[in-house]
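File shown: protein20.txt (compact mmCIF, C-alpha atoms).
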# COMPACT_ATOMS: atom_id res chain seq x y z
CA MET Y 1 137.40 148.70 100.61
CA ARG Y 2 138.39 145.18 101.69
CA CYS Y 3 135.59 145.03 104.27
CA VAL Y 4 133.05 145.97 101.62
CA VAL Y 5 134.33 143.23 99.32
CA LEU Y 6 134.56 140.57 102.04
CA ALA Y 7 131.19 141.25 103.67
CA PRO Y 8 129.12 139.92 100.72
CA LEU Y 9 131.38 136.87 100.51
CA LEU Y 10 130.88 136.08 104.20
CA LEU Y 11 127.13 136.50 103.95
CA ALA Y 12 127.01 134.29 100.87
CA ALA Y 13 128.93 131.57 102.73
CA CYS Y 14 126.18 131.43 105.40
CA GLU Y 15 123.40 130.41 103.04
CA PRO Y 16 122.93 126.96 101.51
CA PRO Y 17 123.80 126.67 97.87
CA PRO Y 18 120.88 126.68 95.44
CA PRO Y 19 119.93 123.38 93.76
CA VAL Y 20 122.06 122.85 90.69
CA ASP Y 21 121.56 120.30 87.93
CA PHE Y 22 124.91 118.80 87.01
CA GLY Y 23 123.36 116.29 84.63
CA VAL Y 24 124.38 113.11 86.42
CA ALA Y 25 121.39 111.19 85.10
CA GLY Y 26 121.55 107.48 85.58
CA VAL Y 27 121.90 105.04 82.74
CA ASP Y 28 118.68 104.85 80.72
CA GLY Y 29 116.95 107.36 83.02
CA GLU Y 30 117.61 105.39 86.19
CA PRO Y 31 117.67 107.44 89.43
CA ALA Y 32 121.06 108.94 90.29
CA ILE Y 33 122.56 111.10 93.04
CA LYS Y 34 125.90 112.92 93.04
CA LEU Y 35 127.55 114.88 95.85
CA VAL Y 36 128.62 118.33 94.62
CA LEU Y 37 129.62 120.00 97.92
CA PRO Y 38 131.98 119.64 99.62
CA LEU Y 39 134.43 118.35 97.06
CA ALA Y 40 136.06 114.95 97.50
CA ASN Y 41 139.27 115.22 99.55
CA GLU Y 42 138.54 118.89 100.35
CA VAL Y 43 140.09 120.23 103.56
CA VAL Y 44 137.21 121.69 105.59
CA PRO Y 45 138.33 123.78 108.59
CA LEU Y 46 136.83 123.54 112.04
CA ASP Y 47 135.10 126.68 113.28
CA GLU Y 48 136.07 128.70 116.38
CA ASP Y 49 134.10 126.22 118.55
CA CYS Y 50 136.09 123.27 117.11
CA VAL Y 51 132.97 122.07 115.26
CA LEU Y 52 132.98 121.06 111.62
CA ARG Y 53 130.19 122.97 109.88
CA THR Y 54 129.84 122.60 106.14
CA PHE Y 55 127.04 122.58 103.61
CA VAL Y 56 126.56 119.26 101.87
CA ALA Y 57 124.78 119.50 98.52
CA TRP Y 58 123.84 116.93 95.91
CA ASP Y 59 122.33 116.67 92.46
CA VAL Y 60 119.49 114.21 91.88
CA ASP Y 61 118.31 113.04 88.47
CA SER Y 62 115.39 110.83 87.39
CA PHE Y 63 114.00 110.91 90.95
CA THR Y 64 111.60 113.35 92.64
CA LEU Y 65 112.32 114.46 96.20
CA VAL Y 66 109.07 114.79 98.17
CA SER Y 67 108.09 115.65 101.75
CA PHE Y 68 107.70 112.83 104.24
CA THR Y 69 103.96 113.32 104.63
CA ASN Y 70 100.93 113.98 102.47
CA ASP Y 71 98.97 117.23 102.76
CA ASP Y 72 96.70 115.61 105.38
CA GLY Y 73 99.71 114.67 107.55
CA SER Y 74 99.61 110.96 106.79
CA ALA Y 75 102.84 109.16 105.92
CA ARG Y 76 103.56 108.76 102.23
CA THR Y 77 103.50 105.31 100.72
CA ASN Y 78 106.01 104.19 98.10
CA VAL Y 79 105.58 105.69 94.65
CA GLU Y 80 108.03 104.68 91.95
CA GLY Y 81 110.55 107.44 91.23
CA GLU Y 82 110.00 109.51 94.37
CA GLY Y 83 111.29 109.63 97.91
CA HIS Y 84 113.94 111.39 99.96
CA VAL Y 85 117.66 111.48 100.78
CA HIS Y 86 119.58 110.09 103.74
CA VAL Y 87 122.80 112.00 104.50
CA ILE Y 88 125.14 109.79 106.52
CA TRP Y 89 128.37 110.79 108.27
CA ALA Y 90 130.23 109.60 111.35
CA PRO Y 91 127.86 106.63 111.60
CA PRO Y 92 125.35 106.31 113.07
CA ALA Y 93 124.77 110.05 112.48
CA TYR Y 94 122.34 110.66 109.62
CA GLU Y 95 119.64 113.05 108.53
CA SER Y 96 116.63 112.40 106.29
CA THR Y 97 115.71 115.28 104.01
CA PHE Y 98 113.81 116.09 100.85
CA ASP Y 99 115.99 119.14 100.14
CA GLN Y 100 119.12 119.20 97.95
CA SER Y 101 121.41 120.54 100.68
CA PHE Y 102 122.05 120.08 104.37
CA LEU Y 103 124.18 121.86 106.98
CA LEU Y 104 126.36 119.16 108.49
CA GLU Y 105 127.57 119.90 112.02
CA GLN Y 106 129.89 117.48 113.82
CA SER Y 107 131.89 118.00 116.98
CA GLY Y 108 134.62 115.77 118.41
CA LEU Y 109 136.73 115.64 115.24
CA SER Y 110 140.50 116.10 115.28
CA VAL Y 111 142.47 118.23 112.85
CA GLY Y 112 143.89 115.97 110.14
CA SER Y 113 141.23 113.28 110.54
CA SER Y 114 138.95 112.30 107.69
CA LEU Y 115 135.19 112.12 107.50
CA ALA Y 116 133.17 110.07 105.02
CA ILE Y 117 129.90 111.60 103.80
CA THR Y 118 127.33 109.48 101.99
CA VAL Y 119 124.05 110.47 100.35
CA GLU Y 120 121.50 107.76 99.54
CA LEU Y 121 118.17 107.81 97.73
CA HIS Y 122 115.36 106.19 99.71
CA GLU Y 123 111.76 105.34 98.90
CA ASN Y 124 108.99 107.11 100.81
CA GLU Y 125 108.81 104.21 103.29
CA HIS Y 126 112.62 104.44 103.79
CA GLY Y 127 113.56 101.45 101.64
CA PHE Y 128 117.07 101.81 100.22
CA PHE Y 129 117.58 100.76 96.61
CA ASP Y 130 121.36 101.00 96.20
CA VAL Y 131 121.60 104.49 94.67
CA PHE Y 132 124.21 106.53 96.53
CA ASP Y 133 127.38 108.62 96.34
CA GLU Y 134 130.16 108.92 98.89
CA ILE Y 135 133.11 111.23 99.39
CA GLU Y 136 135.73 111.72 102.06
CA ILE Y 137 136.88 115.10 103.38
CA GLU Y 138 139.78 116.07 105.63
CA VAL Y 139 139.25 118.05 108.82
CA GLY Y 140 141.35 121.22 108.73
CA PRO Y 141 142.53 123.52 111.52
CA ASP Y 142 140.44 126.40 112.79
CA ALA Y 143 141.61 129.93 111.93
CA ALA Y 144 143.21 130.50 115.34
CA GLY Y 145 144.87 127.07 115.45
CA ALA Y 146 143.32 126.38 118.86
CA CYS Y 147 141.55 123.08 118.06
CA PRO Y 148 143.31 119.75 118.68

I'd like the structure from this file rewritten - as structure tokens, please.
Amino acid sequence: MRCVVLAPLLLAACEPPPPVDFGVAGVDGEPAIKLVLPLANEVVPLDEDCVLRTFVAWDVDSFTLVSFTNDDGSARTNVEGEGHVHVIWAPPAYESTFDQSFLLEQSGLSVGSSLAITVELHENEHGFFDVFDEIEIEVGPDAAGACP
């Protein structure tokens, strides 16, 4: 019975979370972004390969996330109120995305260390306009306790 109950939980943990609107709209409809996963100060365990793997998810309000290119493959130009997200961790590591979640994978971290994760809104041409959120997580031990 336990295997039947745990199997759906394990499968659910392997998929990114769906976009969720937490209503973090900026003041007077200004663009806003808020990290929703992982939680601030959460202890995130290393996996069996001593790699930190965790989904990072955010809520965006008053801003439209769009692909990096137009339908014809040309680069998008700036349009007010649209762009993409930069996910930054262990600088200079970062990923640009137009999704609302990202699987962060980072090796070389020690149990008990901390990792800052930042999400920033960027214009189509990558200009940053000071709309971001940042959290810090703690690196936890792997299940077997084999990671340093």

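Atom CA of Y:Glu134 to atom CA of Y:Ile88 spans 9.2 Å [interatomic distance, one decimal].
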
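Residue nearest Y:Ile137 within the list Y:Leu109, Y:Leu39, Y:Val60, Y:Val85: Y:Leu39 [criterion: smallest interatomic distance, all atoms listed in the file].
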
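The nearest approach to Y:Gly145 among the residues Y:Glu30, Y:Asp130, Y:Glu42, Y:Glu48, with all atoms listed in the file taken into account, belongs to Y:Glu48.
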
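Nearest residue to Y:Val111, choosing from Y:Val66, Y:Asp142, Y:Ala75, Y:Asn124 and counting only C-alpha atoms: Y:Asp142.
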
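Shell of Y:Thr77 at 10 Å, with only C-alpha atoms counted and residues fewer than 6 places along the chain excluded, is Y:Phe68, Y:Thr69, Y:Asn70, Y:Gly83, Y:Glu123, Y:Asn124, Y:Glu125, Y:His126.
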
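The space separating atom CA of Y:Gln100 from atom CA of Y:Val44 comes to 19.8 Å.
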
Pull the neighbourhood of (133.7, 124.9, 114.4) for me: all residues within 12 Å in file coordinates, counting all atoms listed in the file, as a list in words.
Val44, Pro45, Leu46, Asp47, Glu48, Asp49, Cys50, Val51, Leu52, Arg53, Thr54, Leu104, Glu105, Gln106, Ser107, Gly108, Leu109, Ser110, Val111, Val139, Gly140, Pro141, Asp142, Ala143, Ala144, Gly145, Ala146, Cys147 and Pro148 of chain Y

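Taking atom CA of Y:Ile33 as the reference point, atom CA of Y:Val119 is found at 7.5 Å.
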
Mind giving me the axis-aligned box for stretch 103-122 of chain Y with 3 Å on every side, centre plus edges in Å to one decimal, as lines of an AutoDock Vina configuration file?
center_x = 129.6
center_y = 114.0
center_z = 108.1
size_x = 34.5
size_y = 21.7
size_z = 26.7

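Closest approach to Y:Leu65 from the set Y:Ile135, Y:Ala32, Y:Ala116, Y:Val43 is made by Y:Ala32, with distances taken over all atoms listed in the file.
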
What would the list of residues within 6 Å of (123.6, 108.1, 105.0) (file frame) look like as a VMD selection string, if only C-alpha atoms are what count?
chain Y and resid 86 to 88 94 118 to 120

Find the residue from Y:Asp133, Y:Arg76, Y:Leu103, Y:Asp71 that sits nearest to Y:Val36; use all atoms listed in the file when measuring.
Y:Asp133
